[in-house]
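J.: Input input.txt, format and content: compact mmCIF, C-alpha atoms.
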```
# COMPACT_ATOMS: atom_id res chain seq x y z
CA MET A 1 -13.81 -14.38 4.32
CA THR A 2 -10.08 -14.69 4.83
CA ASP A 3 -7.91 -14.65 1.72
CA LYS A 4 -6.07 -17.79 0.62
CA LYS A 5 -2.56 -16.57 1.52
CA VAL A 6 -3.35 -15.78 5.14
CA LEU A 7 -5.45 -18.94 5.46
CA SER A 8 -2.52 -21.00 4.17
CA LYS A 9 -0.13 -19.28 6.59
CA PHE A 10 -2.56 -19.98 9.44
CA GLN A 11 -2.95 -23.63 8.45
CA ASN A 12 0.85 -24.02 8.36
CA ALA A 13 1.13 -22.39 11.80
CA LEU A 14 -1.48 -24.75 13.23
CA LYS A 15 0.31 -27.72 11.68
CA LYS A 16 3.58 -26.65 13.34
CA GLU A 17 1.72 -26.43 16.65
CA ASN A 18 0.10 -29.88 16.07
CA LEU A 19 -3.37 -28.34 16.02
CA LYS A 20 -6.27 -28.73 13.62
CA LEU A 21 -8.08 -26.01 11.72
CA THR A 22 -11.46 -25.94 13.44
CA LYS A 23 -14.45 -23.77 12.64
CA GLN A 24 -13.86 -21.94 15.94
CA ARG A 25 -10.26 -21.10 15.04
CA LEU A 26 -11.35 -20.08 11.54
CA SER A 27 -14.03 -17.80 13.05
CA ILE A 28 -11.36 -16.10 15.16
CA LEU A 29 -9.09 -15.60 12.16
CA ASP A 30 -11.98 -14.25 10.05
CA ASN A 31 -12.95 -11.85 12.83
CA ILE A 32 -9.43 -10.49 13.16
CA VAL A 33 -8.89 -10.14 9.41
CA SER A 34 -12.20 -8.35 8.87
CA ASN A 35 -11.86 -5.88 11.76
CA THR A 36 -9.50 -2.95 11.86
CA GLY A 37 -8.26 -1.54 15.07
CA HIS A 38 -6.39 -2.58 18.14
CA ARG A 39 -8.43 -4.99 20.25
CA GLU A 40 -7.96 -7.05 23.36
CA CYS A 41 -8.71 -10.78 23.30
CA ASP A 42 -11.83 -10.18 25.38
CA GLU A 43 -13.11 -7.70 22.79
CA ILE A 44 -12.55 -10.27 20.04
CA TYR A 45 -14.34 -12.89 22.15
CA ASP A 46 -17.28 -10.54 22.84
CA GLN A 47 -17.64 -9.74 19.14
CA LEU A 48 -17.61 -13.43 18.21
CA LYS A 49 -20.31 -14.15 20.81
CA ALA A 50 -22.38 -11.19 19.58
CA ASP A 51 -22.08 -12.66 16.06
CA GLY A 52 -23.47 -15.97 17.34
CA LYS A 53 -20.17 -17.89 17.13
CA ASN A 54 -19.74 -20.75 19.58
CA VAL A 55 -16.16 -20.25 20.72
CA SER A 56 -14.55 -20.34 24.16
CA ARG A 57 -12.56 -17.50 25.66
CA ALA A 58 -9.60 -19.89 26.09
CA THR A 59 -9.67 -20.76 22.38
CA VAL A 60 -9.59 -17.05 21.50
CA TYR A 61 -6.57 -16.46 23.73
CA ARG A 62 -4.70 -19.53 22.44
CA THR A 63 -5.48 -18.78 18.80
CA VAL A 64 -4.46 -15.13 19.07
CA SER A 65 -1.20 -16.25 20.67
CA ILE A 66 -0.51 -18.53 17.68
CA LEU A 67 -1.45 -15.75 15.25
CA GLU A 68 1.07 -13.49 16.99
CA LYS A 69 3.79 -16.13 17.06
CA TYR A 70 3.53 -16.61 13.29
CA GLY A 71 3.31 -12.94 12.34
CA ILE A 72 -0.36 -12.71 11.42
CA VAL A 73 -1.18 -10.29 14.22
CA ARG A 74 0.95 -7.82 16.15
CA LYS A 75 0.75 -7.45 19.90
CA LEU A 76 0.72 -3.91 21.25
CA GLU A 77 1.68 -3.28 24.85
CA LEU A 78 0.96 0.29 25.85
CA GLY A 79 2.12 0.27 29.45
CA ASP A 80 -1.35 -0.17 30.95
CA GLY A 81 -1.07 -3.93 31.49
CA ARG A 82 -3.53 -4.71 28.68
CA ALA A 83 -2.39 -6.36 25.45
CA ARG A 84 -4.04 -5.29 22.22
CA TYR A 85 -3.75 -6.98 18.86
CA GLU A 86 -3.94 -5.78 15.29
CA TYR A 87 -4.00 -7.68 12.04
CA LYS A 88 -0.66 -7.21 10.31
CA TYR A 89 -0.14 -9.94 7.68
CA GLY A 90 0.42 -8.30 4.31
CA GLN A 91 -0.18 -4.87 5.82
CA GLY A 92 2.31 -2.05 5.38
CA HIS A 93 4.58 -0.94 8.17
CA HIS A 94 3.29 1.78 10.46
CA ASP A 95 3.92 3.23 13.89
CA HIS A 96 1.54 4.35 16.63
CA MET A 97 0.64 7.45 18.60
CA ILE A 98 -1.31 6.70 21.76
CA CYS A 99 -3.29 9.43 23.50
CA VAL A 100 -2.67 9.07 27.24
CA GLU A 101 -5.96 10.84 28.04
CA THR A 102 -8.40 9.03 25.74
CA GLY A 103 -6.56 5.81 24.83
CA GLU A 104 -7.05 6.56 21.13
CA ILE A 105 -4.47 4.84 18.93
CA ILE A 106 -3.46 6.67 15.76
CA GLU A 107 -1.48 4.85 13.10
CA PHE A 108 1.07 6.81 11.10
CA MET A 109 3.94 6.27 8.69
CA SER A 110 6.84 8.65 8.09
CA ASP A 111 9.48 7.92 5.48
CA GLU A 112 11.59 10.65 7.07
CA ILE A 113 11.59 8.95 10.48
CA GLU A 114 12.39 5.59 8.86
CA GLU A 115 15.36 7.11 6.98
CA ILE A 116 16.70 8.78 10.15
CA GLN A 117 16.46 5.50 12.10
CA ASP A 118 18.28 3.61 9.32
CA LYS A 119 20.97 6.30 9.15
CA ILE A 120 21.58 6.25 12.91
CA ALA A 121 21.76 2.45 12.96
CA LYS A 122 24.20 2.41 10.01
CA GLU A 123 26.41 5.10 11.60
CA ASN A 124 26.70 2.83 14.61
CA GLY A 125 27.45 -0.28 12.56
CA PHE A 126 23.99 -1.82 12.65
CA GLU A 127 21.09 -2.66 10.39
CA ILE A 128 17.54 -2.40 11.73
CA ILE A 129 15.69 -5.70 11.41
CA LYS A 130 12.64 -4.78 13.50
CA HIS A 131 11.42 -1.84 15.52
CA ILE A 132 8.45 -0.68 17.52
CA HIS A 133 7.82 3.05 17.48
CA GLN A 134 5.14 4.24 19.87
CA LEU A 135 4.61 7.87 20.75
CA PHE A 136 2.57 8.64 23.86
CA VAL A 137 0.79 11.95 23.35
CA LYS A 138 -1.76 14.23 24.95
CA PRO A 139 -3.95 16.94 23.39
CA ILE A 140 -2.49 20.42 23.26
CA LYS A 141 -4.40 22.67 25.64
CA LYS A 142 -5.60 25.92 24.06
```
Could I get this structure in the form of structure tokens?

T.:
Amino acid sequence: MTDKKVLSKFQNALKKENLKLTKQRLSILDNIVSNTGHRECDEIYDQLKADGKNVSRATVYRTVSILEKYGIVRKLELGDGRARYEYKYGQGHHDHMICVETGEIIEFMSDEIEEIQDKIAKENGFEIIKHIHQLFVKPIKK
């Protein structure tokens, strides 16, 4: 079950969008919160159906869009034309390595990289407010 803080944030988002909290939308939120990984809307929909939830594909897409708009999920675009989403509310910052051969997505965090980015921004008269760091990698051939 979704914790009270994220549920409250979701309810406020729905209110701003003039939408009601339905059991279908709550099922989508619960599914996203309880699953790790980087999934497409269709994968979320398929999992909900497999779990016996009566929800339409359109409702999944619309709800995920709202969750992204209000910072509950993050959209990942990896250059293959397919959007993936990950739960991010209350989660720590991290970056991604994407294997171009397998599609595997590896999350990582480096204080050193963060410090270098901040230093470069400051040297140029800026402060970083948001960034997306994605490394596209391939296995080293032996």

J.: Applying 7 Å and only C-alpha atoms, which residues near Ile72 of chain A remain after dropping the ones on its own chain fewer than 2 positions away? List them as number ranges by chain.

T.: A: 67-68, 70, 74, 87-89

J.: Could you please determine the separation between atom CA of Leu29 of chain A and atom CA of Tyr61 of chain A in Å, to one decimal place?

T.: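 So the answer is 11.9 Å.
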
J.: Quick one: distance from atom CA of Asp95 of chain A to atom CA of Leu135 of chain A in Å, one decimal?

T.: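 Atom-to-atom, atom CA of Asp95 of chain A to atom CA of Leu135 of chain A, that is 8.3 Å.
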
J.: Residues at most 12 Å from Glu107 of chain A, counting all atoms listed in the file, excluding those fewer than 3 positions away in the same chain, as number ranges by chain?

T.: A: 36-38, 86, 92-99, 104, 110, 133-135

J.: Would you mind exporting the chosen residues as an mmCIF file, keeping the file's coordinate frame, restricted to C-alpha atoms?

T.:
```
data_model
loop_
_atom_site.group_PDB
_atom_site.id
_atom_site.type_symbol
_atom_site.label_atom_id
_atom_site.label_comp_id
_atom_site.auth_asym_id
_atom_site.auth_seq_id
_atom_site.Cartn_x
_atom_site.Cartn_y
_atom_site.Cartn_z
ATOM 1 C CA THR A 36 -9.500 -2.950 11.860
ATOM 2 C CA GLY A 37 -8.260 -1.540 15.070
ATOM 3 C CA HIS A 38 -6.390 -2.580 18.140
ATOM 4 C CA GLU A 86 -3.940 -5.780 15.290
ATOM 5 C CA GLY A 92 2.310 -2.050 5.380
ATOM 6 C CA HIS A 93 4.580 -0.940 8.170
ATOM 7 C CA HIS A 94 3.290 1.780 10.460
ATOM 8 C CA ASP A 95 3.920 3.230 13.890
ATOM 9 C CA HIS A 96 1.540 4.350 16.630
ATOM 10 C CA MET A 97 0.640 7.450 18.600
ATOM 11 C CA ILE A 98 -1.310 6.700 21.760
ATOM 12 C CA CYS A 99 -3.290 9.430 23.500
ATOM 13 C CA GLU A 104 -7.050 6.560 21.130
ATOM 14 C CA SER A 110 6.840 8.650 8.090
ATOM 15 C CA HIS A 133 7.820 3.050 17.480
ATOM 16 C CA GLN A 134 5.140 4.240 19.870
ATOM 17 C CA LEU A 135 4.610 7.870 20.750
#
```

J.: Counting only C-alpha atoms, which residue out of A:Gly52, A:Lys138, A:Asp3, A:Phe126 sits closest to Ser34 of chain A?

T.: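 Result for the nearest residue to Ser34 of chain A: A:Asp3.
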
J.: Quote the spacing between atom CA of Phe108 of chain A and atom CA of Leu76 of chain A in Å to one decimal place.

T.: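 Atom-to-atom, atom CA of Phe108 of chain A to atom CA of Leu76 of chain A, that is 14.8 Å.
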
J.: Check which residues of segment 31-108 of chain A sit at most 10 Å from segment 19-24 of chain A using all atoms listed in the file, and return one row each with the closest pair of atoms and their distance in Å to one decimal, ordered by chain and rising number, as a tab-separated table.

T.:
```
residue	atom	partner	partner_atom	distance
A:Leu48	CA	A:Gln24	CA	9.6
A:Lys53	CA	A:Gln24	CA	7.6
A:Asn54	CA	A:Gln24	CA	7.0
A:Val55	CA	A:Gln24	CA	5.6
A:Ser56	CA	A:Gln24	CA	8.4
A:Thr59	CA	A:Gln24	CA	7.8
A:Val60	CA	A:Gln24	CA	8.5
A:Thr63	CA	A:Gln24	CA	9.4
```

J.: Show me as number ranges by chain the residues that reach within 8 Å of (-7.4, -4.7, 23.0), counting all atoms listed in the file and using the file's own coordinates.

T.: A: 38-43, 82-85

J.: Nearest to Ile116 of chain A among A:Arg25, A:Lys5, A:Leu14, A:Ile128, with distances taken over only C-alpha atoms: which residue is it?

T.: A:Ile128

J.: Could you check which of A:Gln47, A:Gln91, A:Gln117, A:Ser27 is closest to Lys130 of chain A, using only C-alpha atoms?

T.: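 Checking each candidate against Lys130 of chain A, we get A:Gln117 as the closest.
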